[in-house]
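Comments concern the structure below.
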Amino acid sequence: MGSRIPNPVTLVPELAQVAGALRKAGANGSVPQTTIGLIHLRTGQLIGNTYAALRNAAALREAGESQERIAAVATWWDAPYFTDAERAALELAEAVLQPSTWGERVSDELYTEVARHYDDKAIATLALVIGQAGFWGAFALIGKPVPGVGPAEQWT
């Protein structure tokens, strides 16, 4: 049993180049890799995809993150494990990725809070990282890869 679709890179070879460029751009040093990993994990949770959530949690573990921080991403707003900058980034990711029933998704107040912690380059990088997470989220939701099975085993 594997993904509903074959390996997307074999179907659209240009995808490898796009993925590499996104990864490189996001790793420009303006946002800590840990914060990027937290955003990716939260995105997997928000889109409701177990494969993405498990894959991103595993990446955070491999990077040395504690189990408490990884588990608490789902309830970051009241968990004591995150810095104010990480909280701002997670709130920004949620605002972008979830519909708002009460108005603007990224309010001026939220932008001001994010800007307290990140300069313009980092904010642009956060936008890229959130977009990258959504980009891969579409493949996870449509392709429905099997949780716990790596890409090499899924797409043979």
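Quick note on naming: the chains in the structure tokens go A, B, ... in the order shown, residues restart at 1 in each chain, and ligands are numbered from 1 in order of appearance.
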Query raised in the report: Mind checking DSSP for chain A and telling me the helix (DSSP H, G or I) residues as an MDAnalysis selection string?
Result: chainID A and resid 8:11 14:26 33:47 50:62 67:78 84:97 108:117 120:143 151:154
Report task. Might you pull out every residue within 10 Å of range 63-68 of chain A, with only C-alpha atoms counted and same-chain residues fewer than 4 positions away left off, and present them as a PyMOL selection string? Result -> chain A and resi 33-34+37-38+57-59+72-73+79-81
Give me the residues of range 61-97 of chain A that have any atom at most 8 Å from an atom of range 127-150 of chain A; for each, the nearest atom pair and the distance in Å, rounded to one decimal. Use only C-alpha atoms, sort by chain and number, and format it as a Markdown table.
| residue | atom | partner | partner_atom | distance |
| --- | --- | --- | --- | --- |
| A:Ala93 | CA | A:Ile130 | CA | 6.0 |
| A:Val96 | CA | A:Ile130 | CA | 7.8 |
| A:Leu97 | CA | A:Gly134 | CA | 7.7 |
Query - Selection: 12 Å around Ala122 in chain A, only C-alpha atoms, excl. self and same-chain fewer than 5 positions, as a PyMOL selection string - result: chain A and resi 25-33+35-36+85+89+114-117+127-129
Query raised in the report: If we count only C-alpha atoms, what is near Gln154 in chain A at a cut-off of 6 Å, once residues fewer than 3 positions away on the same chain are taken out, given as number ranges by chain?
Result: A: 2-3, 151
Can you write just those residues out, N, CA, C and O atoms, as a tab-separated table (two decimals), in the first residue's frame?
chain	number	residue	atom	x	y	z
A	2	GLY	N	0.53	2.20	-0.80
A	2	GLY	CA	1.31	3.42	-0.88
A	2	GLY	C	0.42	4.61	-1.16
A	2	GLY	O	-0.79	4.56	-0.99
A	3	SER	N	1.06	5.67	-1.59
A	3	SER	CA	0.36	6.90	-1.92
A	3	SER	C	-0.67	6.66	-3.02
A	3	SER	O	-0.54	5.73	-3.82
A	151	PRO	N	9.31	8.51	1.89
A	151	PRO	CA	9.05	8.76	0.47
A	151	PRO	C	9.62	7.70	-0.45
A	151	PRO	O	8.98	7.30	-1.43
**Report entry** Contacts of Asn56 in chain A within 8 Å, only C-alpha atoms, excl. fewer than 6 positions in-chain, as JSON, numbers by chain
**Finding:** {"A": [37, 40, 41, 44]}
Report summary line: Of A:Ala19, A:Glu94, A:Asn7, A:Arg69, the one nearest to Phe82 in chain A when counting only C-alpha atoms is A:Arg69
Query raised in the report: Could you work out how far CA of Leu46 in chain A lies from CA of Gln98 in chain A, giving the answer in Å with one decimal?
Result: 7.8 Å
